[in-house]
file entry-v5.cif (mmCIF, C-alpha atoms and all ligand atoms)
data_run
loop_
_atom_site.label_atom_id
_atom_site.label_comp_id
_atom_site.auth_asym_id
_atom_site.auth_seq_id
_atom_site.Cartn_x
_atom_site.Cartn_y
_atom_site.Cartn_z
CA MET P 894 -55.42 -119.74 -7.68
CA GLN P 895 -56.56 -117.47 -10.47
CA GLN P 896 -59.00 -114.58 -10.07
CA ILE P 897 -61.73 -116.68 -11.66
CA ASP P 898 -61.32 -119.42 -9.01
CA TYR P 899 -61.70 -116.88 -6.21
CA ILE P 900 -64.88 -115.55 -7.83
CA LYS P 901 -66.32 -119.07 -8.07
CA GLU P 902 -65.56 -119.70 -4.40
CA ILE P 903 -67.04 -116.35 -3.38
CA ALA P 904 -70.24 -117.13 -5.30
CA LYS P 905 -70.40 -120.58 -3.69
CA TYR P 906 -69.85 -119.40 -0.10
CA GLY P 907 -72.17 -116.43 -0.62
CA LEU P 908 -74.99 -118.69 -1.76
CA GLU P 909 -74.27 -121.14 1.06
CA ASN P 910 -74.32 -118.25 3.55
CA ASP P 911 -70.93 -119.31 4.84
CA GLN P 912 -69.72 -115.93 6.15
CA GLU P 913 -66.46 -117.18 7.54
CA LYS P 914 -65.23 -118.84 4.34
CA LEU P 915 -66.63 -115.99 2.25
CA LEU P 916 -64.60 -113.43 4.19
CA PHE P 917 -61.51 -115.59 4.08
CA THR P 918 -61.74 -115.99 0.30
CA LEU P 919 -62.51 -112.31 -0.22
CA ASN P 920 -59.41 -111.39 1.77
CA GLU P 921 -57.40 -113.82 -0.31
CA LEU P 922 -58.72 -112.25 -3.52
CA ILE P 923 -57.74 -108.80 -2.20
CA GLU P 924 -54.22 -110.07 -1.51
CA HIS P 925 -54.07 -111.79 -4.90
CA SER P 926 -55.23 -108.58 -6.64
CA LYS P 927 -52.54 -106.56 -4.88
CA GLN P 928 -49.89 -109.06 -5.91
CA THR P 929 -51.06 -109.14 -9.50
CA LYS P 930 -51.01 -105.36 -9.47
CA LYS P 931 -54.75 -104.77 -9.72
CA VAL P 932 -54.37 -102.32 -6.90
CA ASN P 933 -57.42 -100.20 -7.67
CA PHE P 934 -59.61 -103.28 -7.72
CA ALA P 935 -58.08 -104.45 -4.43
CA LEU P 936 -58.73 -101.06 -2.82
CA GLN P 937 -62.34 -101.06 -3.91
CA LEU P 938 -62.94 -104.62 -2.70
CA GLN P 939 -61.35 -103.70 0.59
CA SER P 940 -63.64 -100.74 1.02
CA ILE P 941 -66.74 -102.84 0.19
CA LEU P 942 -65.59 -105.35 2.81
CA LYS P 943 -65.03 -102.68 5.43
CA ASP P 944 -68.43 -101.14 4.75
CA ALA P 945 -70.12 -104.52 5.16
CA ILE P 946 -68.30 -105.29 8.40
CA ARG P 947 -69.20 -101.92 9.86
CA GLN P 948 -72.83 -102.38 8.84
CA GLN P 949 -72.96 -105.75 10.55
CA GLN P 950 -71.32 -104.44 13.69
CA THR P 951 -73.78 -101.60 14.01
CA ASN P 952 -76.74 -103.84 13.19
CA GLY P 953 -75.51 -106.32 15.74
CA ILE P 954 -76.74 -109.32 13.74
CA VAL P 955 -73.55 -111.19 13.05
CA LYS P 956 -70.23 -110.37 14.62
CA ILE P 957 -67.27 -110.72 12.31
CA GLY P 958 -63.67 -110.67 13.40
CA SER P 959 -62.37 -110.21 16.89
CA PRO P 960 -63.67 -107.40 19.16
CA LYS P 961 -60.33 -105.66 19.02
CA HIS P 962 -61.15 -104.74 15.44
CA ILE P 963 -64.07 -102.66 16.59
CA LEU P 964 -62.82 -99.13 16.59
CA ARG P 965 -63.93 -96.16 18.56
CA GLU P 966 -66.90 -94.45 16.93
CA GLU P 967 -64.99 -91.29 16.06
CA ASP P 968 -62.22 -93.26 14.34
CA ARG P 969 -64.42 -95.37 12.18
CA GLU P 970 -64.97 -92.97 9.31
CA VAL P 971 -61.28 -92.13 9.26
CA SER P 972 -60.21 -95.75 9.31
CA ASP P 973 -62.21 -96.40 6.16
CA PHE P 974 -59.80 -94.16 4.34
CA ILE P 975 -56.65 -95.70 5.76
CA LEU P 976 -55.47 -98.77 3.93
CA GLU P 977 -52.67 -99.53 6.32
CA LYS P 978 -50.25 -98.01 8.73
CA LEU P 979 -46.83 -99.52 8.54
CA THR P 980 -43.15 -99.29 9.13
CA SER P 981 -40.89 -100.17 6.22
CA ASP P 982 -37.71 -102.22 6.10
CA TYR P 983 -36.88 -101.10 2.57
CA ARG P 984 -33.68 -99.12 2.05
CA PHE P 985 -31.84 -97.54 -0.85
CA PRO P 986 -30.15 -100.79 -1.94
CA ASN P 987 -33.60 -102.28 -2.61
CA LEU P 988 -34.33 -99.73 -5.32
CA VAL P 989 -32.56 -99.89 -8.67
CA CYS P 990 -32.60 -96.45 -10.27
CA SER P 991 -30.51 -93.88 -12.10
CA GLU P 992 -27.91 -91.88 -10.22
CA ALA P 993 -29.97 -88.75 -10.77
CA VAL P 994 -33.03 -90.27 -9.08
CA HIS P 995 -30.90 -91.62 -6.27
CA ALA P 996 -29.38 -88.18 -5.72
CA GLU P 997 -32.82 -86.48 -5.63
CA LEU P 998 -34.06 -88.95 -3.04
CA ALA P 999 -30.89 -88.69 -1.00
CA TYR P 1000 -31.23 -84.87 -0.89
CA PHE P 1001 -34.85 -85.18 0.18
CA ILE P 1002 -33.85 -87.46 3.04
CA GLU P 1003 -31.00 -85.13 3.96
CA GLU P 1004 -33.43 -82.21 4.21
CA HIS P 1005 -35.51 -84.08 6.76
CA ARG P 1006 -32.50 -85.20 8.71
CA SER P 1007 -31.22 -81.61 8.81
CA ILE P 1008 -34.56 -79.96 9.38
CA GLU P 1009 -33.23 -77.95 12.35
CA LEU P 1010 -30.40 -76.52 10.29
CA LEU P 1011 -32.81 -75.40 7.57
CA ARG P 1012 -35.05 -73.83 10.21
CA GLN P 1013 -32.18 -71.79 11.60
CA TYR P 1014 -31.77 -70.16 8.21
CA ASP P 1015 -35.50 -69.91 7.60
CA LEU P 1016 -35.22 -72.16 4.58
CA PRO P 1017 -38.27 -74.10 3.38
CA VAL P 1018 -38.21 -77.89 3.64
CA SER P 1019 -39.34 -79.99 0.66
CA ASN P 1020 -42.05 -82.27 1.93
CA LYS P 1021 -44.31 -83.21 -0.97
CA VAL P 1022 -43.01 -85.81 -3.41
CA LEU P 1023 -44.63 -87.23 -6.50
CA PHE P 1024 -43.38 -90.45 -8.10
CA TYR P 1025 -44.55 -91.02 -11.65
CA GLY P 1026 -43.69 -93.22 -14.60
CA PRO P 1027 -44.67 -96.55 -16.12
CA SER P 1028 -46.14 -99.40 -14.15
CA GLY P 1029 -43.77 -101.75 -12.34
CA CYS P 1030 -40.79 -99.38 -12.19
CA GLY P 1031 -40.61 -98.84 -8.45
CA LYS P 1032 -42.91 -95.93 -7.53
CA THR P 1033 -44.58 -97.73 -4.66
CA LEU P 1034 -41.24 -99.26 -3.75
CA ALA P 1035 -39.58 -95.79 -3.69
CA ALA P 1036 -42.21 -94.57 -1.20
CA TYR P 1037 -41.38 -97.53 1.05
CA VAL P 1038 -37.68 -96.78 0.67
CA LEU P 1039 -38.25 -93.18 1.83
CA ALA P 1040 -40.25 -94.40 4.83
CA GLY P 1041 -37.57 -96.97 5.63
CA GLU P 1042 -34.66 -94.56 5.29
CA LEU P 1043 -36.39 -91.89 7.36
CA GLU P 1044 -37.52 -94.53 9.89
CA LYS P 1045 -40.99 -93.08 10.00
CA MET P 1046 -44.38 -94.74 10.14
CA MET P 1047 -46.38 -94.43 6.94
CA ILE P 1048 -50.14 -94.12 6.59
CA VAL P 1049 -51.33 -95.44 3.24
CA ILE P 1050 -54.48 -93.63 2.20
CA ASN P 1051 -57.21 -95.69 0.57
CA LEU P 1052 -58.04 -93.47 -2.39
CA GLY P 1053 -60.16 -96.27 -3.84
CA ALA P 1054 -62.47 -95.97 -0.83
CA ILE P 1055 -62.64 -92.23 -1.30
CA VAL P 1056 -63.66 -92.65 -4.91
CA SER P 1057 -66.27 -95.29 -4.24
CA SER P 1058 -67.58 -93.74 -1.01
CA LYS P 1059 -70.65 -91.62 -0.69
CA LEU P 1060 -68.22 -88.71 -0.40
CA GLY P 1061 -70.34 -86.80 2.08
CA GLU P 1062 -67.70 -86.51 4.79
CA THR P 1063 -64.65 -87.17 2.63
CA SER P 1064 -63.04 -83.76 2.96
CA LYS P 1065 -63.43 -83.71 6.73
CA ASN P 1066 -62.02 -87.21 7.05
CA LEU P 1067 -59.03 -86.46 4.86
CA ALA P 1068 -58.27 -83.46 7.04
CA LYS P 1069 -58.46 -85.71 10.11
CA ILE P 1070 -55.99 -88.17 8.59
CA PHE P 1071 -53.52 -85.39 7.81
CA ARG P 1072 -53.86 -83.99 11.35
CA ARG P 1073 -53.30 -87.41 12.80
CA ALA P 1074 -50.27 -87.97 10.59
CA ALA P 1075 -48.82 -84.66 11.75
CA THR P 1076 -49.30 -85.37 15.44
CA GLU P 1077 -48.00 -88.92 15.12
CA ASP P 1078 -45.13 -87.85 12.84
CA CYS P 1079 -46.16 -90.24 10.06
CA ILE P 1080 -45.69 -90.01 6.32
CA VAL P 1081 -48.93 -89.83 4.33
CA PHE P 1082 -48.76 -91.98 1.22
CA MET P 1083 -51.35 -91.57 -1.53
CA ASP P 1084 -50.66 -94.42 -3.92
CA GLU P 1085 -52.48 -94.55 -7.26
CA PHE P 1086 -52.95 -90.80 -6.94
CA ASP P 1087 -54.64 -90.63 -10.37
CA THR P 1088 -57.63 -92.33 -8.73
CA LEU P 1089 -58.60 -88.82 -7.62
CA GLY P 1090 -59.07 -87.85 -11.24
CA LYS P 1091 -61.58 -90.66 -11.54
CA ILE P 1092 -63.93 -89.14 -8.97
CA ARG P 1093 -65.27 -87.25 -11.95
CA ASP P 1094 -66.47 -90.49 -13.52
CA TYR P 1095 -67.83 -92.13 -10.39
CA SER P 1096 -69.47 -89.25 -8.64
CA GLN P 1097 -72.68 -87.65 -9.74
CA ASP P 1098 -71.85 -84.79 -7.44
CA HIS P 1099 -69.32 -82.58 -9.19
CA GLY P 1100 -69.41 -80.07 -6.37
CA GLU P 1101 -68.23 -82.72 -3.94
CA MET P 1102 -65.44 -83.77 -6.31
CA LYS P 1103 -64.17 -80.22 -6.43
CA ARG P 1104 -64.36 -80.03 -2.65
CA VAL P 1105 -62.16 -83.12 -2.32
CA VAL P 1106 -59.52 -81.74 -4.68
CA ASN P 1107 -59.71 -78.35 -2.96
CA THR P 1108 -59.34 -80.00 0.42
CA ILE P 1109 -56.20 -81.75 -0.75
CA LEU P 1110 -54.85 -78.48 -2.15
CA GLN P 1111 -55.43 -76.81 1.20
CA LEU P 1112 -53.98 -79.70 3.14
CA PHE P 1113 -50.90 -79.48 0.93
CA ASP P 1114 -50.65 -75.72 1.35
CA TYR P 1115 -50.88 -75.82 5.14
CA LEU P 1116 -48.83 -78.95 5.61
CA PRO P 1117 -46.46 -78.55 8.57
CA GLN P 1118 -42.83 -78.53 7.41
CA SER P 1119 -41.96 -81.70 9.25
CA SER P 1120 -44.87 -83.63 7.70
CA ILE P 1121 -44.26 -85.59 4.52
CA VAL P 1122 -46.71 -86.47 1.77
CA ILE P 1123 -45.82 -88.92 -0.98
CA ALA P 1124 -48.01 -89.56 -4.00
CA ALA P 1125 -47.50 -92.04 -6.82
CA THR P 1126 -49.12 -92.45 -10.20
CA ASN P 1127 -48.65 -94.12 -13.56
CA GLN P 1128 -51.13 -91.72 -15.14
CA LYS P 1129 -49.79 -88.28 -14.41
CA ASP P 1130 -52.05 -86.77 -17.07
CA MET P 1131 -55.13 -87.73 -15.01
CA ILE P 1132 -54.07 -85.39 -12.23
CA ASP P 1133 -55.31 -81.87 -11.87
CA ASP P 1134 -52.62 -79.30 -12.79
CA ALA P 1135 -53.19 -77.36 -9.60
CA LEU P 1136 -52.37 -80.51 -7.63
CA LEU P 1137 -49.29 -81.27 -9.73
CA ARG P 1138 -47.88 -77.80 -9.08
CA ARG P 1139 -47.97 -78.35 -5.30
CA PHE P 1140 -45.28 -81.04 -5.31
CA ASP P 1141 -41.80 -79.86 -4.30
CA LEU P 1142 -40.23 -82.83 -5.99
CA SER P 1143 -41.50 -84.84 -8.98
CA VAL P 1144 -39.44 -87.90 -9.65
CA LYS P 1145 -39.81 -89.98 -12.79
CA LEU P 1146 -39.05 -93.67 -12.40
CA GLU P 1147 -38.34 -95.11 -15.81
CA LEU P 1148 -38.05 -98.48 -17.51
CA PRO P 1149 -34.66 -100.08 -16.83
CA ASP P 1150 -31.73 -99.94 -19.26
CA GLU P 1151 -29.34 -102.85 -19.66
CA ALA P 1152 -27.17 -101.90 -16.70
CA HIS P 1153 -30.24 -101.53 -14.46
CA ILE P 1154 -31.56 -104.93 -15.56
CA ASN P 1155 -28.21 -106.48 -14.69
CA GLU P 1156 -28.31 -104.79 -11.30
CA LEU P 1157 -31.87 -105.99 -10.68
CA ILE P 1158 -30.94 -109.57 -11.59
CA ASN P 1159 -27.83 -109.51 -9.39
CA LYS P 1160 -29.81 -108.13 -6.46
CA THR P 1161 -32.62 -110.62 -6.95
CA LEU P 1162 -30.17 -113.53 -6.96
CA ALA P 1163 -27.77 -112.13 -4.36
CA SER P 1164 -29.24 -113.87 -1.33
CA SER P 1165 -29.64 -117.20 -3.15
CA THR P 1166 -27.30 -119.77 -4.67
CA PHE P 1167 -29.03 -119.74 -8.05
CA THR P 1168 -26.97 -119.03 -11.17
CA PHE P 1169 -27.76 -119.23 -14.87
CA ASP P 1170 -26.91 -122.44 -16.70
CA ASN P 1171 -25.75 -120.33 -19.64
CA GLU P 1172 -24.32 -116.93 -18.77
CA THR P 1173 -23.88 -115.82 -22.42
CA LYS P 1174 -27.50 -116.61 -23.19
CA ALA P 1175 -28.59 -114.84 -20.01
CA GLN P 1176 -26.90 -111.66 -21.26
CA LYS P 1177 -28.83 -112.01 -24.52
CA VAL P 1178 -32.11 -112.40 -22.58
CA ILE P 1179 -31.22 -109.26 -20.62
CA LYS P 1180 -30.88 -107.39 -23.92
CA ASP P 1181 -34.22 -108.82 -25.04
CA SER P 1182 -35.83 -107.56 -21.83
CA LEU P 1183 -35.35 -103.90 -22.78
CA GLY P 1184 -38.75 -102.24 -22.83
CA LEU P 1185 -40.15 -104.41 -20.04
CA SER P 1186 -40.60 -103.19 -16.46
CA TYR P 1187 -38.51 -104.15 -13.44
CA TYR P 1188 -41.56 -105.92 -12.09
CA THR P 1189 -42.05 -108.08 -15.20
CA ILE P 1190 -38.37 -108.95 -15.50
CA GLN P 1191 -38.14 -109.94 -11.85
CA LYS P 1192 -41.40 -111.89 -11.98
CA THR P 1193 -40.33 -113.93 -15.04
CA LEU P 1194 -36.95 -114.65 -13.48
CA LEU P 1195 -38.58 -115.99 -10.32
CA THR P 1196 -40.95 -118.11 -12.41
CA ALA P 1197 -37.98 -119.49 -14.39
CA ILE P 1198 -36.23 -120.37 -11.12
CA LYS P 1199 -39.28 -122.24 -9.84
CA ARG P 1200 -39.72 -124.14 -13.10
CA SER P 1201 -36.03 -125.04 -13.22
CA LEU P 1202 -36.31 -126.36 -9.68
CA PHE P 1203 -39.33 -128.52 -10.50
CA SER P 1204 -37.83 -130.02 -13.63
CA LYS P 1205 -34.59 -131.01 -11.96
CA TYR P 1206 -35.91 -131.92 -8.53
CA ASP P 1207 -34.93 -135.50 -7.86
CA GLY P 1208 -36.07 -135.68 -4.26
CA GLN P 1209 -32.47 -135.62 -3.06
CA HIS P 1210 -30.96 -132.29 -3.87
CA LYS P 1211 -32.40 -129.31 -5.61
CA SER P 1212 -30.74 -127.90 -8.68
CA GLN P 1213 -29.20 -124.47 -8.21
CA LYS P 1214 -29.11 -123.76 -11.93
CA ILE P 1215 -31.62 -121.54 -13.67
CA GLN P 1216 -32.59 -122.87 -17.10
CA THR P 1217 -31.89 -119.76 -19.11
CA ALA P 1218 -34.01 -121.05 -22.02
CA VAL P 1219 -37.07 -121.12 -19.74
CA TRP P 1220 -36.48 -117.51 -18.77
CA ALA P 1221 -35.92 -116.56 -22.44
CA ASP P 1222 -39.33 -118.05 -23.33
CA LEU P 1223 -41.07 -116.16 -20.54
CA ILE P 1224 -39.44 -112.88 -21.57
CA ASN P 1225 -40.47 -113.48 -25.18
CA GLN P 1226 -44.06 -114.09 -24.07
CA GLU P 1227 -44.05 -110.81 -22.15
CA ARG P 1228 -42.68 -108.97 -25.18
CA ARG P 1229 -45.42 -110.41 -27.36
CA THR P 1230 -48.07 -109.35 -24.82
CA LEU P 1231 -46.59 -105.86 -24.77
CA LEU P 1232 -46.61 -105.65 -28.57
CA GLU P 1233 -50.22 -106.84 -28.75
CA ALA P 1234 -51.27 -104.23 -26.22
CA SER P 1235 -49.61 -101.37 -28.10
N1 LIG P 1301 -36.70 -99.78 -9.58
C1 LIG P 1301 -36.85 -101.00 -9.02
N2 LIG P 1301 -35.86 -101.56 -8.32
C2 LIG P 1301 -36.01 -102.78 -7.78
N3 LIG P 1301 -37.14 -103.52 -7.84
C3 LIG P 1301 -38.17 -102.99 -8.51
C4 LIG P 1301 -38.09 -101.71 -9.12
N4 LIG P 1301 -39.28 -101.44 -9.70
C5 LIG P 1301 -40.07 -102.50 -9.47
N5 LIG P 1301 -39.42 -103.44 -8.75
C6 LIG P 1301 -39.98 -104.73 -8.33
O1 LIG P 1301 -41.33 -104.79 -8.78
C7 LIG P 1301 -42.25 -104.71 -7.69
C8 LIG P 1301 -43.39 -103.79 -8.04
O2 LIG P 1301 -42.91 -102.46 -8.14
P1 LIG P 1301 -43.78 -101.21 -7.69
O3 LIG P 1301 -45.01 -101.70 -7.02
O4 LIG P 1301 -42.94 -100.29 -6.91
O5 LIG P 1301 -44.15 -100.59 -9.10
P2 LIG P 1301 -44.98 -99.26 -9.40
O6 LIG P 1301 -44.09 -98.36 -10.18
O7 LIG P 1301 -45.57 -98.74 -8.15
O8 LIG P 1301 -46.10 -99.82 -10.40
P3 LIG P 1301 -47.64 -99.37 -10.56
O9 LIG P 1301 -47.66 -98.11 -11.37
O10 LIG P 1301 -48.25 -100.51 -11.34
O11 LIG P 1301 -48.22 -99.21 -9.20
C9 LIG P 1301 -41.41 -104.22 -6.52
O12 LIG P 1301 -41.93 -104.66 -5.29
C10 LIG P 1301 -40.05 -104.81 -6.82
O13 LIG P 1301 -40.01 -106.18 -6.45
MG MG P 1302 -47.53 -98.69 -7.43
#
call {"tool": "encode", "arguments": {"input": "entry-v5.cif", "output": "structure tokens"}}
result
Amino acid sequence: MQQIDYIKEIAKYGLENDQEKLLFTLNELIEHSKQTKKVNFALQLQSILKDAIRQQQTNGIVKIGSPKHILREEDREVSDFILEKLTSDYRFPNLVCSEAVHAELAYFIEEHRSIELLRQYDLPVSNKVLFYGPSGCGKTLAAYVLAGELEKMMIVINLGAIVSSKLGETSKNLAKIFRRAATEDCIVFMDEFDTLGKIRDYSQDHGEMKRVVNTILQLFDYLPQSSIVIAATNQKDMIDDALLRRFDLSVKLELPDEAHINELINKTLASSTFTFDNETKAQKVIKDSLGLSYYTIQKTLLTAIKRSLFSKYDGQHKSQKIQTAVWADLINQERRTLLEAS
């Protein structure tokens, strides 16, 4: 379904007062938005949804969801700012990147594995990482790789909710999340970190905006050595300089070169039996993909695989060949879109 179809369904169920279907569709739209990389929009929808559910629970009119979702009073405000708490299965091989980036990340991991050694010599531990660079080049993925490699839980902070919230208790709640992360030995992940810069536009209350940024500065400054904070942004210039200076490690994830595209394609196809029907042409398409993101290249390849499957499916056996021409067309479309946007 497209975004527009979800909106039509939401309007329909809203007008019909069908809460159950409305919530179901809204959740689907949130998922769809995440997958189509409208993460800020997804975060804001999620926070509207949470607000509404909390309102209804306290009003006691309609109960939504199972009782186990009802949190203890003191946790409720905090939970509004937590998008999810997860463990990650991602590891280094999932991330295609330059050797320099790989080495930086490997050192960071090493520091946390050898934290006792560093302590013995009174050496500081790097624990605040910023990933930046163009969209679809693995910033969010890199955060998951760190969590996976370090085998730590990760709390994903809902910055969208912070921006769209009434802000009153924001600083206090952020401090609570950081405390909780420290006691539970979790990584704090602030994805779409530039959202913080947008508080300026949303909030009437400039004083409160400054308080939120100051709170984060303080939380960073007093972060226990064993705690880890990861932030990611594709708009580094939106972030306050004082915040940028606090990061021990700033890692730029860039658009892929030809070798990286080849690696991405090989990894994407590795666990399948799909191969290109024309290897020479595939290499040409790879060259044509320069300038596009990992995300776009992978997405078009998967679409080409699906379309090749459909066109050759004879009900008996599925074709294992990718129609390279289909992929070439999709890549060309993406290049045109990119040109139009620039
Ligand atoms: N460097 C990479 N190596 C392997 N896969 C990648 C890489 N970058 C992106 N991908 C693929 O694209 C998907 C989206 O990437 P990701 O969400 O990490 O991008 P991002 O840099 O966070 O983009 P945005 O700035 O839009 O949030 C990943 O889940 C993965 O499938
Ligand atoms: Mg991201």
call {"tool": "residues_near_ligand", "arguments": {"input": "entry-v5.cif", "ligand": "ligand MG 1302 (chain P)", "cutoff": "8 Å", "atoms": "all atoms listed in the file", "output": "ChimeraX atom specification"}}
result
/P:930,932,1028-1029,1031-1034,1084-1085,1125-1127
call {"tool": "residues_near_ligand", "arguments": {"input": "entry-v5.cif", "ligand": "ligand LIG 1301 (chain P)", "cutoff": "9 Å", "atoms": "all atoms listed in the file", "output": "PyMOL selection string"}}
result
chain P and resi 928+930-932+986-991+1024-1037+1084-1085+1125-1128+1146-1149+1153+1156-1157+1160-1161+1186-1192
call {"tool": "atom_distance", "arguments": {"input": "entry-v5.cif", "atom1": "atom CA of Leu1010 of chain P", "atom2": "atom CA of Pro1117 of chain P"}}
result
16.3 Å
call {"tool": "residues_around", "arguments": {"input": "entry-v5.cif", "residues": "Ile897 of chain P", "least_positions_apart": "6", "cutoff": "12 Å", "atoms": "only C-alpha atoms", "output": "tab-separated table (two decimals) with C-alpha atoms, keeping the file's coordinate frame"}}
result
chain	number	residue	atom	x	y	z
P	903	ILE	CA	-67.04	-116.35	-3.38
P	904	ALA	CA	-70.24	-117.13	-5.30
P	918	THR	CA	-61.74	-115.99	0.30
P	922	LEU	CA	-58.72	-112.25	-3.52
P	925	HIS	CA	-54.07	-111.79	-4.90
P	926	SER	CA	-55.23	-108.58	-6.64
call {"tool": "atom_distance", "arguments": {"input": "entry-v5.cif", "atom1": "atom CA of Ser972 of chain P", "atom2": "atom CA of Leu1142 of chain P"}}
result
28.3 Å
call {"tool": "residues_around", "arguments": {"input": "entry-v5.cif", "residues": "segment 1174-1184 of chain P", "least_positions_apart": "2", "cutoff": "7 Å", "atoms": "only C-alpha atoms", "output": "PyMOL selection string"}}
result
chain P and resi 1148+1150-1151+1154+1169+1171-1172+1186+1190+1217+1221+1224
call {"tool": "closest_residue", "arguments": {"input": "entry-v5.cif", "among": "P:Ile1055, P:Met894, P:Leu1116, P:Ala1197", "to": "Gln939 of chain P", "atoms": "all atoms listed in the file"}}
result
P:Ile1055
call {"tool": "closest_residue", "arguments": {"input": "entry-v5.cif", "among": "P:Leu915, P:Leu1136, P:Ala1068, P:Leu976", "to": "Val1022 of chain P", "atoms": "all atoms listed in the file"}}
result
P:Leu1136
call {"tool": "atom_distance", "arguments": {"input": "entry-v5.cif", "atom1": "atom CA of Asn1066 of chain P", "atom2": "atom CA of Ser1119 of chain P"}}
result
20.9 Å
call {"tool": "closest_residue", "arguments": {"input": "entry-v5.cif", "among": "P:Leu1089, P:Gln1213, P:Ile1008, P:Lys1129", "to": "Ser1165 of chain P", "atoms": "all atoms listed in the file"}}
result
P:Gln1213
call {"tool": "closest_residue", "arguments": {"input": "entry-v5.cif", "among": "P:Ala999, P:Ser1201, P:Phe1082, P:Glu902", "to": "Thr1168 of chain P", "atoms": "all atoms listed in the file"}}
result
P:Ser1201
